[in-house]
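A.B. asks: Just one file: run33.csv, with CSV, C-alpha atoms.
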```
chain,number,residue,atom,x,y,z
A,8,GLY,CA,4.1,0.5,30.0
A,9,TRP,CA,1.8,-1.6,27.8
A,10,PHE,CA,-1.1,0.8,27.9
A,11,ARG,CA,-1.2,4.1,26.0
A,12,ASN,CA,-1.0,7.0,28.4
A,13,PHE,CA,-2.7,10.1,27.2
A,14,ASN,CA,-1.7,12.0,30.3
A,15,ALA,CA,1.9,12.0,28.8
A,16,ALA,CA,0.7,13.8,25.7
A,17,PRO,CA,1.8,17.5,25.2
A,18,THR,CA,-1.8,18.6,25.7
A,19,GLN,CA,-5.1,17.0,26.7
A,20,ALA,CA,-6.4,17.8,23.2
A,21,PHE,CA,-4.3,14.9,21.9
A,22,ALA,CA,-6.8,12.4,23.0
A,23,VAL,CA,-9.6,14.2,21.1
A,24,PHE,CA,-7.5,14.3,17.9
A,25,TYR,CA,-6.1,10.8,18.4
A,26,PRO,CA,-7.9,9.3,15.3
A,27,ILE,CA,-5.8,11.6,13.1
A,28,SER,CA,-2.8,9.5,14.0
A,29,PHE,CA,-4.4,6.5,12.1
A,30,GLY,CA,-3.2,7.9,8.7
A,31,TRP,CA,-0.9,5.0,8.3
A,32,SER,CA,-4.0,2.7,8.0
A,33,GLY,CA,-4.1,3.9,4.4
A,34,VAL,CA,-1.3,1.5,3.7
A,35,ALA,CA,-3.6,-1.4,4.9
A,36,LEU,CA,-6.3,0.0,2.5
A,37,PHE,CA,-3.7,0.0,-0.3
A,38,PHE,CA,-3.0,-3.7,0.2
A,39,VAL,CA,-6.7,-4.6,0.2
A,40,LEU,CA,-7.3,-2.6,-2.9
A,41,SER,CA,-4.3,-4.2,-4.6
A,42,GLY,CA,-5.6,-7.7,-3.8
A,43,PHE,CA,-9.0,-6.7,-5.1
A,44,CYS,CA,-7.7,-5.2,-8.4
A,45,ILE,CA,-5.2,-8.0,-9.2
A,46,HIS,CA,-7.6,-10.8,-8.5
A,47,PHE,CA,-10.5,-9.2,-10.2
A,48,SER,CA,-8.3,-8.7,-13.3
A,49,PHE,CA,-7.4,-12.4,-13.1
A,50,LEU,CA,-11.1,-13.4,-12.9
A,51,ARG,CA,-11.8,-11.4,-16.0
A,52,SER,CA,-8.9,-12.8,-18.0
A,53,ARG,CA,-9.2,-15.9,-20.2
A,54,ASP,CA,-5.6,-16.8,-20.7
A,55,PHE,CA,-3.8,-16.0,-17.4
A,56,SER,CA,-0.2,-17.1,-17.1
A,57,THR,CA,2.3,-16.3,-14.4
A,58,GLY,CA,4.9,-14.9,-16.9
A,59,ARG,CA,2.4,-12.6,-18.5
A,60,PHE,CA,1.1,-11.4,-15.1
A,61,LEU,CA,4.6,-10.6,-13.9
A,62,TRP,CA,5.5,-8.9,-17.2
A,63,ARG,CA,2.5,-6.6,-17.0
A,64,ARG,CA,3.2,-5.8,-13.3
A,65,PHE,CA,6.8,-5.0,-14.2
A,66,TRP,CA,5.9,-2.4,-16.8
A,67,ARG,CA,3.1,-1.0,-14.7
A,68,ILE,CA,5.2,-0.6,-11.5
A,69,VAL,CA,9.0,-0.6,-12.1
A,70,PRO,CA,9.7,2.2,-14.7
A,71,THR,CA,8.0,4.9,-12.6
A,72,TYR,CA,9.5,3.5,-9.4
A,73,LEU,CA,13.0,3.5,-10.9
A,74,VAL,CA,12.8,7.1,-11.9
A,75,ALA,CA,11.7,8.1,-8.4
A,76,LEU,CA,14.4,5.9,-6.8
A,77,ILE,CA,17.2,7.5,-8.9
A,78,ALA,CA,15.9,11.0,-8.3
A,79,PHE,CA,15.7,10.6,-4.5
A,80,ALA,CA,19.0,8.7,-4.4
A,81,LEU,CA,20.7,11.7,-6.1
A,82,LEU,CA,18.7,14.2,-4.1
A,83,THR,CA,19.8,12.7,-0.8
A,84,ARG,CA,23.4,12.0,-2.1
A,85,ARG,CA,22.9,8.3,-1.3
A,86,LEU,CA,25.0,7.2,-4.3
A,87,PHE,CA,28.2,8.8,-3.1
A,88,HIS,CA,29.2,6.5,-0.2
A,89,THR,CA,29.2,2.8,0.5
A,90,ASP,CA,26.1,2.8,2.7
A,91,GLY,CA,24.2,4.7,0.0
A,92,ILE,CA,25.1,2.1,-2.6
A,93,VAL,CA,23.9,-0.7,-0.4
A,94,GLN,CA,20.6,1.3,0.1
A,95,PHE,CA,20.2,1.8,-3.6
A,96,VAL,CA,20.9,-1.9,-4.6
A,97,THR,CA,18.5,-3.3,-2.0
A,98,HIS,CA,15.9,-0.8,-3.1
A,99,LEU,CA,16.6,-1.8,-6.7
A,100,LEU,CA,16.1,-5.5,-5.9
A,101,PHE,CA,13.0,-4.8,-3.8
A,102,ILE,CA,14.5,-6.4,-0.7
A,103,HIS,CA,15.0,-3.2,1.4
A,104,ASN,CA,12.0,-4.1,3.6
A,105,VAL,CA,13.7,-7.2,5.1
A,106,SER,CA,16.1,-5.1,7.3
A,107,ASP,CA,15.6,-2.1,9.6
A,108,ASN,CA,18.8,-0.7,8.3
A,109,THR,CA,17.4,-0.2,4.8
A,110,PHE,CA,13.6,-0.2,5.6
A,111,PHE,CA,13.3,3.6,5.7
A,112,GLY,CA,16.3,4.2,3.6
A,113,ILE,CA,16.0,6.4,0.5
A,114,ASN,CA,12.3,7.1,0.8
A,115,PRO,CA,10.4,5.9,3.8
A,116,ALA,CA,7.3,5.2,1.8
A,117,PHE,CA,9.1,2.7,-0.5
A,118,TRP,CA,8.9,-0.1,2.1
A,119,SER,CA,5.4,-1.0,0.9
A,120,ILE,CA,6.3,-1.3,-2.7
A,121,ALA,CA,8.9,-4.0,-1.8
A,122,THR,CA,6.2,-5.8,0.2
A,123,GLU,CA,3.8,-5.4,-2.7
A,124,ILE,CA,6.2,-6.9,-5.2
A,125,GLN,CA,6.8,-9.9,-2.9
A,126,LEU,CA,3.0,-10.3,-2.7
A,127,TYR,CA,2.8,-10.4,-6.5
A,128,LEU,CA,5.3,-13.3,-6.4
A,129,LEU,CA,3.0,-15.1,-3.9
A,130,PHE,CA,-0.1,-14.6,-6.1
A,131,PRO,CA,0.5,-17.7,-8.3
A,132,LEU,CA,0.9,-19.7,-5.1
A,133,LEU,CA,-2.4,-18.2,-3.8
A,134,LEU,CA,-4.1,-19.4,-7.0
A,135,ILE,CA,-2.8,-22.9,-6.5
A,136,ILE,CA,-4.2,-23.0,-3.0
A,137,ARG,CA,-7.5,-21.5,-4.3
A,138,ARG,CA,-7.9,-24.5,-6.7
A,139,SER,CA,-8.0,-26.9,-3.8
A,140,ILE,CA,-9.8,-25.0,-1.0
A,141,ARG,CA,-11.3,-21.9,-2.8
A,142,MET,CA,-10.7,-18.3,-1.9
A,143,LYS,CA,-12.4,-18.6,1.5
A,144,GLY,CA,-9.9,-21.3,2.4
A,145,CYS,CA,-7.1,-19.0,1.2
A,146,LEU,CA,-8.2,-16.6,3.9
A,147,PHE,CA,-7.7,-19.2,6.6
A,148,VAL,CA,-4.3,-20.3,5.2
A,149,THR,CA,-2.9,-16.7,4.9
A,150,PHE,CA,-4.4,-15.9,8.3
A,151,ALA,CA,-2.5,-18.9,9.8
A,152,VAL,CA,0.7,-17.9,8.1
A,153,GLY,CA,0.3,-14.3,9.4
A,154,MET,CA,-0.3,-15.5,13.0
A,155,LEU,CA,2.7,-17.9,12.8
A,156,TRP,CA,4.9,-15.1,11.6
A,157,ARG,CA,3.7,-12.9,14.4
A,158,VAL,CA,4.8,-15.5,16.9
A,159,VAL,CA,8.2,-15.8,15.2
A,160,ALA,CA,8.6,-12.0,15.0
A,161,VAL,CA,7.8,-11.4,18.7
A,162,SER,CA,10.0,-14.3,19.7
A,163,PHE,CA,13.1,-12.9,17.9
A,164,TRP,CA,12.5,-9.1,17.9
A,165,GLY,CA,10.0,-8.5,20.7
A,166,LEU,CA,7.0,-6.3,20.6
A,167,PRO,CA,7.4,-3.4,18.2
A,168,ASP,CA,7.5,0.2,19.4
A,169,HIS,CA,5.9,1.1,16.1
A,170,ILE,CA,3.6,-0.8,13.9
A,171,ILE,CA,5.6,-0.1,10.7
A,172,THR,CA,8.8,-2.1,11.1
A,173,ALA,CA,10.7,-4.6,8.9
A,174,ALA,CA,9.6,-7.6,11.0
A,175,PHE,CA,5.9,-6.6,11.2
A,176,CYS,CA,5.5,-5.5,7.5
A,177,SER,CA,6.8,-8.8,6.0
A,178,PRO,CA,4.7,-10.2,3.1
A,179,PHE,CA,4.0,-13.2,5.3
A,180,MET,CA,2.4,-10.7,7.8
A,181,THR,CA,0.4,-8.8,5.2
A,182,TRP,CA,-0.5,-11.7,2.9
A,183,PHE,CA,-3.8,-12.1,4.7
A,184,ASP,CA,-4.6,-8.4,4.3
A,185,TRP,CA,-3.9,-8.7,0.5
A,186,THR,CA,-6.0,-11.8,0.3
A,187,LEU,CA,-8.9,-10.0,1.9
A,188,GLY,CA,-9.1,-7.8,-1.2
A,189,ALA,CA,-8.9,-10.8,-3.4
A,190,TYR,CA,-11.8,-12.5,-1.5
A,191,VAL,CA,-13.9,-9.4,-1.9
A,192,ALA,CA,-13.1,-9.4,-5.7
A,193,GLU,CA,-14.2,-13.1,-5.9
A,194,CYS,CA,-17.5,-12.4,-4.2
A,195,PHE,CA,-18.1,-9.3,-6.3
A,196,ALA,CA,-17.4,-11.2,-9.5
A,197,GLN,CA,-20.2,-13.6,-8.4
A,198,SER,CA,-22.5,-10.7,-7.6
A,199,ARG,CA,-22.7,-11.5,-3.9
A,200,VAL,CA,-21.5,-9.6,-0.9
A,201,ALA,CA,-18.4,-10.7,1.0
A,202,PHE,CA,-19.6,-9.6,4.4
A,203,LYS,CA,-23.2,-10.0,5.4
A,204,HIS,CA,-24.5,-7.7,8.2
A,205,ARG,CA,-21.8,-5.2,7.2
A,206,GLN,CA,-22.8,-2.5,9.7
A,207,MET,CA,-22.4,-5.0,12.6
A,208,TRP,CA,-19.0,-6.2,11.3
A,209,LEU,CA,-17.8,-2.7,10.7
A,210,MET,CA,-18.7,-1.6,14.2
A,211,ILE,CA,-17.0,-4.7,15.7
A,212,PHE,CA,-13.8,-4.5,13.7
A,213,LEU,CA,-13.5,-0.7,13.9
A,214,SER,CA,-13.8,-0.8,17.7
A,215,ALA,CA,-11.3,-3.7,17.8
A,216,PHE,CA,-8.9,-1.7,15.6
A,217,VAL,CA,-9.0,1.4,17.9
A,218,LEU,CA,-8.7,-0.7,21.0
A,219,SER,CA,-5.7,-2.5,19.6
A,220,THR,CA,-3.8,0.8,19.3
A,221,LEU,CA,-4.2,1.4,23.0
A,222,TYR,CA,-2.7,-1.9,24.3
A,223,LYS,CA,0.8,-2.7,23.1
A,224,PRO,CA,0.6,-6.5,22.7
A,225,LEU,CA,-2.4,-6.0,20.4
A,226,THR,CA,-0.5,-3.8,18.0
A,227,THR,CA,0.7,-6.9,16.4
A,228,VAL,CA,-2.8,-7.3,14.8
A,229,THR,CA,-3.6,-3.6,14.4
A,230,PHE,CA,-2.5,-3.5,10.7
A,231,SER,CA,-4.7,-6.5,9.8
A,232,LEU,CA,-7.7,-5.1,11.7
A,233,ALA,CA,-7.3,-1.9,9.6
A,234,ALA,CA,-7.3,-4.1,6.5
A,235,VAL,CA,-10.5,-5.9,7.6
A,236,VAL,CA,-12.2,-2.6,8.2
A,237,SER,CA,-11.0,-1.5,4.7
A,238,ALA,CA,-12.4,-4.7,3.2
A,239,VAL,CA,-15.8,-4.3,4.8
A,240,ILE,CA,-16.0,-0.7,3.6
A,241,LEU,CA,-14.9,-1.7,0.1
A,242,ASP,CA,-17.5,-4.5,-0.1
A,243,TRP,CA,-20.1,-2.0,1.0
A,244,LEU,CA,-19.2,0.6,-1.6
A,245,LEU,CA,-19.1,-1.9,-4.4
A,246,PHE,CA,-22.8,-2.4,-4.1
A,247,ALA,CA,-23.7,1.2,-3.2
A,248,ASP,CA,-25.3,3.6,-5.6
A,249,ILE,CA,-22.6,6.3,-6.0
A,250,ARG,CA,-23.4,9.2,-8.1
A,251,LYS,CA,-20.7,10.9,-10.2
A,252,THR,CA,-20.6,14.1,-8.2
A,253,THR,CA,-17.7,16.6,-8.3
A,254,VAL,CA,-16.3,15.0,-5.1
A,255,VAL,CA,-16.4,11.6,-6.6
A,256,ARG,CA,-14.7,12.8,-9.8
A,257,VAL,CA,-11.9,14.5,-7.8
A,258,MET,CA,-11.4,11.3,-5.7
A,259,SER,CA,-11.3,9.3,-9.0
A,260,PHE,CA,-8.6,11.6,-10.3
A,261,ILE,CA,-6.6,11.2,-7.1
A,262,GLY,CA,-7.0,7.5,-7.4
A,263,THR,CA,-5.7,7.5,-11.0
A,264,VAL,CA,-2.5,9.4,-10.0
A,265,SER,CA,-2.3,7.8,-6.5
A,266,TYR,CA,0.7,5.5,-7.4
A,267,SER,CA,2.8,8.4,-8.6
A,268,LEU,CA,1.6,10.5,-5.6
A,269,TYR,CA,2.7,7.7,-3.3
A,270,LEU,CA,6.1,7.5,-4.9
A,271,TRP,CA,6.9,11.2,-4.8
A,272,HIS,CA,5.0,12.7,-1.9
A,273,GLN,CA,7.0,11.9,1.3
A,274,PRO,CA,10.5,13.4,0.7
A,275,LEU,CA,9.1,16.3,-1.3
A,276,LEU,CA,6.4,17.0,1.3
A,277,SER,CA,8.9,17.5,4.1
A,278,ARG,CA,11.3,19.5,1.9
A,279,MET,CA,8.7,21.9,0.5
A,280,PHE,CA,7.1,22.4,3.9
A,281,GLY,CA,10.5,23.3,5.3
A,282,ARG,CA,11.2,25.8,2.6
A,283,LEU,CA,7.8,27.4,2.6
A,284,SER,CA,7.8,27.7,6.4
A,285,ARG,CA,10.8,30.2,6.4
A,286,PRO,CA,10.0,33.4,8.3
A,287,SER,CA,10.3,35.5,5.1
A,288,ILE,CA,7.5,33.4,3.5
A,289,ARG,CA,5.4,33.0,6.7
A,290,GLN,CA,4.9,36.8,6.7
A,291,HIS,CA,2.8,36.5,3.6
A,292,LEU,CA,1.3,33.0,3.8
A,293,ASN,CA,-0.5,31.2,6.7
A,294,THR,CA,-0.3,27.4,7.3
A,295,THR,CA,-3.5,26.7,5.3
A,296,ALA,CA,-2.2,28.5,2.2
A,297,ILE,CA,1.2,26.7,2.5
A,298,VAL,CA,-0.6,23.3,2.8
A,299,GLY,CA,-2.8,24.2,-0.2
A,300,ILE,CA,0.2,25.2,-2.4
A,301,ILE,CA,2.1,22.0,-1.5
A,302,ALA,CA,-1.0,19.9,-2.3
A,303,ILE,CA,-1.3,21.5,-5.7
A,304,ILE,CA,2.4,21.0,-6.5
A,305,LEU,CA,2.4,17.4,-5.4
A,306,VAL,CA,-0.7,16.5,-7.4
A,307,GLY,CA,0.8,18.3,-10.4
A,308,ILE,CA,4.0,16.3,-10.1
A,309,ALA,CA,2.0,13.1,-9.7
A,310,TYR,CA,-0.1,13.8,-12.8
A,311,PHE,CA,3.0,14.5,-14.9
A,312,SER,CA,4.6,11.2,-13.5
A,313,TYR,CA,1.4,9.3,-14.3
A,314,ARG,CA,1.2,10.6,-17.9
A,315,VAL,CA,4.8,10.3,-18.8
A,316,PHE,CA,6.3,7.4,-16.7
A,317,GLU,CA,3.4,5.2,-15.8
A,318,CYS,CA,1.6,5.4,-19.2
A,319,GLY,CA,4.9,5.4,-21.0
A,320,GLY,CA,6.0,2.2,-19.1
A,321,ILE,CA,2.7,0.5,-20.0
A,322,TYR,CA,3.0,1.6,-23.6
A,323,VAL,CA,6.5,0.2,-23.9
A,324,GLY,CA,5.5,-3.1,-22.2
A,325,ASN,CA,2.6,-3.5,-24.7
A,326,ILE,CA,4.8,-2.9,-27.7
A,327,LEU,CA,7.4,-5.4,-26.6
A,328,SER,CA,4.7,-8.0,-25.7
A,329,ASN,CA,3.1,-7.6,-29.1
A,330,ARG,CA,6.4,-8.0,-30.9
A,331,GLN,CA,7.1,-11.2,-28.9
A,332,ARG,CA,3.7,-12.6,-29.9
A,333,ARG,CA,4.3,-11.9,-33.6
A,334,ARG,CA,7.6,-13.8,-33.4
A,335,GLN,CA,5.8,-16.8,-31.9
```
So, in terms of structure tokens, how does the structure I just supplied come out?
C.D. replies:
Amino acid sequence: GWFRNFNAAPTQAFAVFYPISFGWSGVALFFVLSGFCIHFSFLRSRDFSTGRFLWRRFWRIVPTYLVALIAFALLTRRLFHTDGIVQFVTHLLFIHNVSDNTFFGINPAFWSIATEIQLYLLFPLLLIIRRSIRMKGCLFVTFAVGMLWRVVAVSFWGLPDHIITAAFCSPFMTWFDWTLGAYVAECFAQSRVAFKHRQMWLMIFLSAFVLSTLYKPLTTVTFSLAAVVSAVILDWLLFADIRKTTVVRVMSFIGTVSYSLYLWHQPLLSRMFGRLSRPSIRQHLNTTAIVGIIAIILVGIAYFSYRVFECGGIYVGNILSNRQRRRQ
């Protein structure tokens, strides 16, 4: 059926805890934040160039990704047969998100990094459009592209059984979500809010988001509705008076290591939970303790990855860039 049937759930409590199943919406938030950070950085720069932009993105993103990719390819033994080599090469070229066969290949979380790289390649085009019709016009253009792609996707592949699929996570589908973040950045740089009457818009879009998850044809816009909700909240928080409490400091730290946490968490999470859930260990540790131990380990790995691979990649990129400038 097209309507979600809660009577088919294992227990009636599922309906109460249904909002917990929206964890994937963090990916929509990721695209909005990415659009905000990239465009805000552009607005503050005086000598932007496409080559320099892509150079900086490469050294910020690729070295850490490459380490994680090789590690998980070896861990899953993907490099020891033909299909595994195809998986590795498509992931290496950031094109694994174009096919369902490679979409969730080596690491299921990696699909969004491919989409993100493709959105980087679209950023110079977005700036060209912005010159003619400004950033608000860019929202209409990317929205139109996204709706057109939805028509094409449904026509060829039908309605998706799950929101996260190759057809429905195309950069043409998520370009509007990314541009939302860029639009908020543009408004923030001009010291004005992007969404007036935020409470009203938040209530409307949050309700629309939840309703879209209950009716199958509307799931084609669920991801973008999550992005709009994220953009409204981001716009709200940018002008809020947030004190540097312990909670804020912890969240800031998690934000700092979030890219590495994103790269490493999914395969390690399932493997560690499987090992720590053995009967011999469960005799001494309850589920809460196991989750706490896993969280500490994952954050520790993410911090190490951030300090060594992320900061190291940025450092190498800066050295090579400075050498190139001296030669010129």
A.B. asks: May I ask for the distance between CA of Ser32 in chain A and CA of Phe79 in chain A, given in Å to one decimal place?
C.D. replies: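 For CA of Ser32 in chain A relative to CA of Phe79 in chain A, the distance reads 24.6 Å.
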A.B. asks: For range 266-281 of chain A, please output as JSON, numbers by chain all residues within 8 Å (counting only C-alpha atoms; exclusion window: fewer than 3 positions along the same chain).
C.D. replies: {"A": [71, 72, 75, 79, 114, 115, 116, 117, 262, 263, 284, 285, 297, 298, 301, 305, 306, 308, 309, 310, 312, 313, 317]}
A.B. asks: Please provide as a list in words all residues within 6 Å of range 92-105 of chain A, with the sequence filter that same-chain residues fewer than 2 positions apart are discarded (counting all atoms listed in the file).
C.D. replies: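 Once the nearby chain positions are removed, what remains is Leu86, Thr89, Asp90, Thr109, Phe110, Trp118, Ala121 and Ala173 of chain A.
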A.B. asks: Quick one: distance from CA of Phe216 in chain A to CA of Leu232 in chain A in Å, one decimal?
C.D. replies: 5.3 Å
A.B. asks: Give me, please, the distance in Å between CA of Gln125 in chain A and CA of Pro178 in chain A, quoted to one decimal.
C.D. replies: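 A separation of 6.4 Å between them.
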A.B. asks: Hey, what's within 6 Å of range 8-15 of chain A if we count all atoms listed in the file and toss same-chain stuff fewer than 6 positions away? As a VMD selection string, please?
C.D. replies: chain A and resid 221 to 223
A.B. asks: Save the residues we just selected, C-alpha atoms, as a short mmCIF file (atom, residue, chain, number, x, y, z; two decimals), in the frame of the given file?
C.D. replies:
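The resulting part.cif:
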```
data_model
loop_
_atom_site.label_atom_id
_atom_site.label_comp_id
_atom_site.auth_asym_id
_atom_site.auth_seq_id
_atom_site.Cartn_x
_atom_site.Cartn_y
_atom_site.Cartn_z
CA LEU A 221 -4.20 1.40 23.00
CA TYR A 222 -2.70 -1.90 24.30
CA LYS A 223 0.80 -2.70 23.10
#
```
A.B. asks: Identify which of the residues A:Ile113, A:Gly58, A:Gly299, A:Val69 lies closest to Leu82 in chain A, counting all atoms listed in the file when measuring atom-to-atom distances.
C.D. replies: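 The closest residue to Leu82 in chain A is A:Ile113.
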A.B. asks: Between A:Phe29, A:Phe37, A:Leu283, A:Gly112, which one has atoms that come closest to Ser219 in chain A, using only C-alpha atoms?
C.D. replies: A:Phe29
A.B. asks: Counting only C-alpha atoms, which residues come within 8 Å of (-15.3, -7.9, 9.0), with the point read in the file's coordinates, and could you list them as a VMD selection string?
C.D. replies: chain A and resid 202 205 208 to 209 211 to 212 235 to 236 238 to 239
